[in-house]
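K.L.:
My structure is below; once you've seen it, I'll send some questions.
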Amino acid sequence: HPLFARRMGRLGVPATIAMAQRARNLRAQGEKVLSLALGEPDFATPAAVIEAAHRAALDGQTKYPPVDGTPALKAAIIRKFARENALDYTPAEIMVSNGGKQVIFNAFMATVQQGDEVVIPRPYWVSYPLIVRIFGGTPVYADCLEADDFRLTPAALEAAITPRTKWLVLNFPNNPTGGTMGRKDLEEVAEVLRRHPQVHVLSDEIYEHLIYGGAQHVSLAAVAPDLKDRILTLNGVSKAYAMTGWRVGYVGGPQPLIRAMTAIQGSATSGICSISQAAAAAALDGPADIIAQMRAVYARRRELVVSTLRCIPGLTCAMPHGAFYAYPGVAGCMGRTTAGGQLLETDEDFAIALLAEQHVAVVHGSAFGQGPYLRLSYATSDEILKEACARIARFVEGLN
Ligand code: PLP
């Protein structure tokens with residue numbers, strides 16, 4: 001249609017959204033659908049955070065805020081980076097956006113154009129390649145395999161880099177696999193990056209607090225301070241503080257990049273919701289035990305889901321070390337036929353039939369670039385998880 005810009009042809013509908021729509025359609029027909037499809041904490045935002053937002057609104061913090069973030073929130077972010085990531089930033093090196101997503105959009109709009117390549121470890125969060133493509137860039141994938149615990153290996157990274165590479169996206173703990181990268185893994189990545197000075201890094205650390213088994217998250221910019229000028233360290237309050245609806249993300253990085261991203265945001269949205277910024281500052285400065293409590297609950301659910309899935313013949317499941325996703329393999333179910341008569345040729349067939357026959361919504365791994373897998377979010381109640389896993393078991397047992 002002549003109305004639409006050429007870039008719309010590059011957009012497509014993310015499979016995650018298509019699957020959520022299928023689940024909604026089924027619910028609208030009155031069916032009880034159990035959803036493990038959503039990457040969203042089921043906890044409530046901490047009450048103290050909501051009270052801080054209320055106070056800010058009554059206090060008159062209801063005017064246009066600065067484009068790059070309120071001084072109070074930027075100060076809280078600087079304290080957070082120093083305390084939790086051993087990273088020192090000045091206020092000019094920090095900006096606040098409408099969720100981590102707008103940070104990515106700003107960064108790529110400011111830098112990516114036709115001919116530029118962005119290396120994205122695969123499987124990936126769907127928004128990275130979509131945003132790269134909107135701006136005419138080319139995603140280049142580096143495979144992260146189950147055999148490597150879904151880590152990015154230096155060899156896979158090296159093979160993906162060309163003279164046209166502008167960015168590497170790192171997302172650990174990872175959505176969708178739950179994979180993590182320790183200090184040694186990041187040192188190896190840094191070694192590769194030192195050989196390729198044209199490559200910048202968007203390090204999306206939004207799941208940093210969700211690491212299990214006592215391990216600690218480390219930031220690439222802290223592991224390789226000599227590369228700090230080439231690294232954007234992205235984070236946000238959505239996952240750590242159960243604040244997805246408040247839309248606050250933030251980033252630390254080199255001043256020229258932050259300045260360019262701020263210019264773009266000024267034209268797109270202006271500064272983000274002043275009340276949300278006050279809430280985010282309260283969250284970052286608030287007690288850390290809130291995060292530890294949520295992590296303990298996720299850890300229990302992780303055990304529950306992984307141990308149940310591993311008992312289902314035909315499924316495999318690596319232990320995810322972080323985030324709140326399990327990524328079971330369904331290769332053993334391919335080529336078989338469901339109780340409802342559907343032939344399963346792909347993981348998407350599996351996900352669609354599972355929803356239709358057992359009313360459990362999951363997202364197929366090939367939607368994130370690597371199949372045949374499923375992504376199950378365990379950011380939901382134990383009760384729903386138990387029932388959903390029982391239904392998955394029934395579904396697989398019914399295969400012929
Ligand atoms: N990065 C990853 C890997 C995510 O999974 C998400 C949300 O699903 C985000 C960033 C963006 O979150 P928000 O825009 O809510 O900060």
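Following the order of the structure tokens, first chain is A, next is B, and so on, with residues numbered from 1 inside each chain and ligands from 1 in the order they appear.
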Show me which residues sit within 9 Å of ligand 1 when counting only C-alpha atoms and all ligand atoms, and put them as an NGL selection string.
P.N.:
:A and (38-40 or 97-104 or 124-128 or 171-176 or 204-207 or 234-239 or 243-250 or 323)
K.L.:
Tell me, as an MDAnalysis selection string, which residues lie within 10 Å of Ala76 (chain A), counting only C-alpha atoms; anything in the same chain fewer than 5 positions away does not count.
P.N.:
chainID A and resid 70:71 81:82 280:285
K.L.:
Would you save the residues from that selection as an mmCIF file, in the first residue's frame, using C-alpha atoms?
P.N.:
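Output (again18.cif):
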```cif
data_model
loop_
_atom_site.group_PDB
_atom_site.id
_atom_site.type_symbol
_atom_site.label_atom_id
_atom_site.label_comp_id
_atom_site.auth_asym_id
_atom_site.auth_seq_id
_atom_site.Cartn_x
_atom_site.Cartn_y
_atom_site.Cartn_z
ATOM 1 C CA THR A 70 15.454 13.718 36.363
ATOM 2 C CA PRO A 71 18.573 14.630 38.356
ATOM 3 C CA PHE A 81 26.004 1.264 38.904
ATOM 4 C CA ALA A 82 28.758 1.977 41.455
ATOM 5 C CA ALA A 280 12.248 4.105 39.884
ATOM 6 C CA ALA A 281 14.574 6.198 42.064
ATOM 7 C CA ALA A 282 12.831 4.848 45.177
ATOM 8 C CA ALA A 283 13.185 1.299 43.854
ATOM 9 C CA LEU A 284 16.922 1.648 43.151
ATOM 10 C CA ASP A 285 17.597 3.255 46.519
#
```
K.L.:
One number please: CA of Leu26 (chain A) to CA of Ala351 (chain A), in Å, one decimal.
P.N.:
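Result for CA of Leu26 (chain A) versus CA of Ala351 (chain A): 13.8 Å, one decimal.
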K.L.:
Pick the closest to Ile231 (chain A) from A:Gln293, A:Gln216, A:Ser203, A:Ser274: which is it, counting only C-alpha atoms?
P.N.:
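Using only C-alpha atoms, the shortest distance to Ile231 (chain A) belongs to A:Ser203.
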K.L.:
Hey, what's within 7 Å of region 5-11 of chain A if we count only C-alpha atoms and toss same-chain stuff fewer than 6 positions away? As an MDAnalysis selection string, please?
P.N.:
chainID A and resid 130 133:134
K.L.:
Would you give me, as a ChimeraX atom specification, the residues in region 245-277 of chain A that DSSP reads as strand (DSSP E or B)?
P.N.:
/A:249-252
K.L.:
Determine which residues of region 42-259 of chain A receive a DSSP assignment of helix (DSSP H, G or I), computed from the backbone, and state them as a ChimeraX atom specification.
P.N.:
/A:47-58,71-85,91-93,99-111,127-134,146-148,154-160,183-194,220-223,225-230,244-246,255-259
K.L.:
Can I get the selected residues back with C-alpha atoms, as a JSON list (two decimals), in the first residue's frame?
P.N.:
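This went into part_12.json:
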```json
[["chain", "number", "residue", "atom", "x", "y", "z"],
["A", 47, "ALA", "CA", 4.42, -0.82, 48.11],
["A", 48, "ALA", "CA", 7.17, 1.64, 49.11],
["A", 49, "VAL", "CA", 7.77, 2.35, 45.43],
["A", 50, "ILE", "CA", 4.10, 3.08, 44.81],
["A", 51, "GLU", "CA", 4.05, 5.36, 47.86],
["A", 52, "ALA", "CA", 7.07, 7.27, 46.49],
["A", 53, "ALA", "CA", 5.18, 7.80, 43.23],
["A", 54, "HIS", "CA", 2.16, 9.08, 45.12],
["A", 55, "ARG", "CA", 4.28, 11.52, 47.12],
["A", 56, "ALA", "CA", 6.02, 12.75, 43.96],
["A", 57, "ALA", "CA", 2.69, 13.48, 42.31],
["A", 58, "LEU", "CA", 1.37, 15.35, 45.37],
["A", 71, "PRO", "CA", 18.57, 14.63, 38.36],
["A", 72, "ALA", "CA", 17.25, 12.56, 41.28],
["A", 73, "LEU", "CA", 16.83, 9.39, 39.23],
["A", 74, "LYS", "CA", 20.15, 9.87, 37.44],
["A", 75, "ALA", "CA", 21.84, 10.19, 40.83],
["A", 76, "ALA", "CA", 20.17, 6.97, 42.00],
["A", 77, "ILE", "CA", 21.30, 5.21, 38.80],
["A", 78, "ILE", "CA", 24.89, 6.39, 39.32],
["A", 79, "ARG", "CA", 24.79, 4.99, 42.89],
["A", 80, "LYS", "CA", 23.32, 1.74, 41.58],
["A", 81, "PHE", "CA", 26.00, 1.26, 38.90],
["A", 82, "ALA", "CA", 28.76, 1.98, 41.45],
["A", 83, "ARG", "CA", 27.27, -0.28, 44.15],
["A", 84, "GLU", "CA", 26.15, -3.25, 42.09],
["A", 85, "ASN", "CA", 28.33, -3.19, 38.97],
["A", 91, "PRO", "CA", 25.49, 12.36, 35.00],
["A", 92, "ALA", "CA", 26.35, 13.17, 31.36],
["A", 93, "GLU", "CA", 26.98, 9.47, 30.78],
["A", 99, "GLY", "CA", 11.88, 1.06, 29.29],
["A", 100, "GLY", "CA", 15.04, -0.66, 28.19],
["A", 101, "LYS", "CA", 13.37, -1.03, 24.83],
["A", 102, "GLN", "CA", 13.59, 2.67, 24.03],
["A", 103, "VAL", "CA", 17.27, 2.66, 24.98],
["A", 104, "ILE", "CA", 17.84, 0.08, 22.24],
["A", 105, "PHE", "CA", 15.70, 2.02, 19.78],
["A", 106, "ASN", "CA", 17.54, 5.29, 20.51],
["A", 107, "ALA", "CA", 20.96, 3.66, 20.24],
["A", 108, "PHE", "CA", 20.29, 1.98, 16.91],
["A", 109, "MET", "CA", 18.43, 4.94, 15.44],
["A", 110, "ALA", "CA", 21.43, 7.10, 16.29],
["A", 111, "THR", "CA", 23.99, 4.74, 14.74],
["A", 127, "SER", "CA", 13.22, -6.95, 19.50],
["A", 128, "TYR", "CA", 16.94, -6.74, 18.70],
["A", 129, "PRO", "CA", 16.78, -7.87, 15.06],
["A", 130, "LEU", "CA", 13.45, -6.10, 14.54],
["A", 131, "ILE", "CA", 14.86, -2.74, 15.65],
["A", 132, "VAL", "CA", 18.07, -3.25, 13.65],
["A", 133, "ARG", "CA", 16.01, -3.95, 10.54],
["A", 134, "ILE", "CA", 13.77, -0.91, 10.99],
["A", 146, "GLU", "CA", 22.95, -25.83, 24.55],
["A", 147, "ALA", "CA", 26.24, -27.77, 24.62],
["A", 148, "ASP", "CA", 27.98, -24.52, 25.67],
["A", 154, "PRO", "CA", 34.75, -16.26, 21.43],
["A", 155, "ALA", "CA", 34.95, -18.41, 18.27],
["A", 156, "ALA", "CA", 31.28, -17.80, 17.36],
["A", 157, "LEU", "CA", 31.72, -14.08, 18.01],
["A", 158, "GLU", "CA", 34.92, -13.83, 15.97],
["A", 159, "ALA", "CA", 33.27, -15.63, 13.04],
["A", 160, "ALA", "CA", 30.33, -13.19, 13.01],
["A", 183, "ARG", "CA", 33.84, -13.15, 34.35],
["A", 184, "LYS", "CA", 36.05, -15.55, 32.40],
["A", 185, "ASP", "CA", 33.51, -15.76, 29.53],
["A", 186, "LEU", "CA", 33.35, -11.97, 29.35],
["A", 187, "GLU", "CA", 37.15, -11.67, 29.41],
["A", 188, "GLU", "CA", 37.25, -13.89, 26.34],
["A", 189, "VAL", "CA", 34.65, -11.73, 24.60],
["A", 190, "ALA", "CA", 36.65, -8.62, 25.49],
["A", 191, "GLU", "CA", 39.76, -10.19, 23.95],
["A", 192, "VAL", "CA", 37.90, -10.58, 20.64],
["A", 193, "LEU", "CA", 36.55, -7.03, 20.84],
["A", 194, "ARG", "CA", 40.05, -5.60, 21.31],
["A", 220, "LEU", "CA", 31.29, -6.30, 30.61],
["A", 221, "ALA", "CA", 32.34, -2.68, 31.17],
["A", 222, "ALA", "CA", 33.69, -3.61, 34.62],
["A", 223, "VAL", "CA", 35.56, -6.65, 33.28],
["A", 225, "PRO", "CA", 37.45, -0.98, 31.62],
["A", 226, "ASP", "CA", 39.64, -0.27, 28.58],
["A", 227, "LEU", "CA", 36.55, -0.88, 26.39],
["A", 228, "LYS", "CA", 34.16, 1.24, 28.48],
["A", 229, "ASP", "CA", 34.03, 3.95, 25.76],
["A", 230, "ARG", "CA", 32.54, 1.39, 23.39],
["A", 244, "THR", "CA", 7.01, -3.48, 33.73],
["A", 245, "GLY", "CA", 4.10, -1.02, 33.47],
["A", 246, "TRP", "CA", 6.03, 1.98, 34.79],
["A", 255, "GLN", "CA", 28.96, 10.85, 26.44],
["A", 256, "PRO", "CA", 28.84, 11.38, 22.64],
["A", 257, "LEU", "CA", 26.50, 8.40, 22.25],
["A", 258, "ILE", "CA", 24.34, 9.45, 25.19],
["A", 259, "ARG", "CA", 24.09, 12.93, 23.69]]
```
K.L.:
For a quick check of understanding, using only C-alpha atoms, which of A:Ala379, A:Ala356, A:Ala390, A:Ala86 has the smallest distance to Ala224 (chain A)?
P.N.:
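Going through A:Ala379, A:Ala356, A:Ala390, A:Ala86 one by one, the smallest distance to Ala224 (chain A) is for A:Ala86.
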K.L.:
Would you mind listing what lies within 6 Å of Gly69 (chain A) as a list of chain:residue names, with only C-alpha atoms counted and same-chain residues fewer than 2 positions away left out?
P.N.:
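Once the adjacent positions are removed, what remains is A:Pro66, A:Val67, A:Met95, A:Val96.
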K.L.:
Write the residues of the preceding selection, restricted to C-alpha atoms, as a CSV table (one decimal), in the first residue's frame.
P.N.:
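Contents of the output file out14.csv:
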```csv
chain,number,residue,atom,x,y,z
A,66,PRO,CA,14.4,16.8,31.4
A,67,VAL,CA,14.8,14.7,28.3
A,95,MET,CA,20.1,8.6,30.3
A,96,VAL,CA,16.6,7.4,31.2
```
